[in-house]
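Here is the structure we will look at.
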Amino acid sequence: MGQFINLKASDGFTVPAYLAQPEGKPRAAVVVVQEIFGVNSHIRSVADKLAAEGYLALAPATFERVKPGVELGYTEADMNAGFALKTAVAQLPGAGVLLDIQAAIYHAAELSGGKVGIIGFCWGGLLTWQAACTLKGLSAAAPYYGGGITADEEIARQPQCPVMAHFGDHDHWIPMEGINAFSQAHPDVAVHVYAANHGFNCDQRGSYNQAAATLAWERTLAFFAAQLV
């Protein structure tokens, strides 16, 4: 079981983060970036799974600047609430929530004494891509079905670390046309497409796809094992 700790961003803002630590010395660290539902039980379970693989995992609460203590489920009402909070975060001045992710990267590096990767889902997938392109201290990034990642302004970004991206071919939020454009623009990014819908990794959602989730997780672990040594 992990615990929440407080991080301090460069602008002085305090952001809570869920910390899951492995037994013994961490092999490396991974920052886990939430969906639009907060650092809920699913995101905490991802961090716990990474800790079980030997990684120190840290999941910052990326809604904290607009509303503290957010933990949503996956109902339509939760979806609407999450979208509203995401919109509010997008309107923050300057680097906004990326400051909190940078604080998590620095703290994860300090605690683990090793390299740092990042993984994110849905909105967190987009933030993971942005982090890979703009933040310091990352050695690997694995965005899952990042909403908005195939927009022209995102495709135009250039990652500063190796990236493995996971998509579903039935994802109505991210059409295959956009995935193909992203893949063509970034031949160095390992792009994997699964016969699955948006949110296929989350076993609390109706779109959960066990086969796709298992394969993507195996690929992600192999990717981190190769890059975070």
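Letters A, B, ... go to the chains of the structure tokens in the order shown; residues in each chain start at 1; ligands are counted from 1 in the same order.
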Give me the residues near region 146-149 of chain A as a PyMOL selection string, where near means some atom within 12 Å (using only C-alpha atoms) and where sequence neighbours in that chain fewer than 6 positions away do not count.
chain A and resi 33-36+83+86+119-131+133+155-157+164-168+171-175+178-183+198-199
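Every protein or nucleic acid residue with an atom no more than 9 Å from region 200-208 of chain A, counting only C-alpha atoms and leaving out same-chain residues fewer than 3 positions away, appears here: A:His42, A:Ile43, A:Gly73, A:Tyr74, A:Phe121, A:Tyr144, A:Tyr145, A:Phe167, A:Gly168, A:Ala196, A:Asn197, A:Ala212, A:Ala213, A:Thr214, A:Ala216, A:Trp217.
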Write out as a VMD selection string the set of residues from region 42-94 of chain A that DSSP, computed on the backbone, places in strand (DSSP E).
chain A and resid 55 to 60
Quick one: pull the distance between CA of Pro68 (chain A) and CA of Gly38 (chain A), Å, one decimal.
9.6 Å
Filtered DSSP result for region 65-161 of chain A, state helix (DSSP H, G or I), as a count of residues only
46
Within 7 Å of region 47-49 of chain A, counting only C-alpha atoms, which residues qualify if same-chain residues fewer than 5 places away don't, as a compact mmCIF listing (two decimals) with C-alpha atoms, in the first residue's frame?
# COMPACT_ATOMS: atom_id res chain seq x y z
CA ALA A 20 4.13 3.56 -4.00
CA VAL A 32 1.99 8.09 -13.16
CA ALA A 57 5.92 5.17 -8.54
CA LEU A 58 4.61 8.69 -7.93
Determine, counting only C-alpha atoms, which protein, DNA and RNA residues have an atom within 9 Å of an atom of Leu135 (chain A); residues of the same chain fewer than 5 positions away are not included. Present the result as a ChimeraX atom specification.
/A:98-99,101-102,105,130,160
Output file for the selection above: C-alpha atoms, as a CSV table (one decimal), in the first residue's frame:
chain,number,residue,atom,x,y,z
A,98,LEU,CA,3.2,20.8,-16.0
A,99,LEU,CA,5.0,22.4,-13.0
A,101,ILE,CA,4.6,17.0,-13.1
A,102,GLN,CA,8.1,18.4,-13.2
A,105,ILE,CA,9.9,13.9,-11.8
A,130,GLN,CA,3.8,17.1,-23.3
A,160,GLN,CA,13.3,14.7,-25.7
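Computed from the coordinates, the CA of Ala61 (chain A) to CA of Ser41 (chain A) distance equals 12.7 Å.
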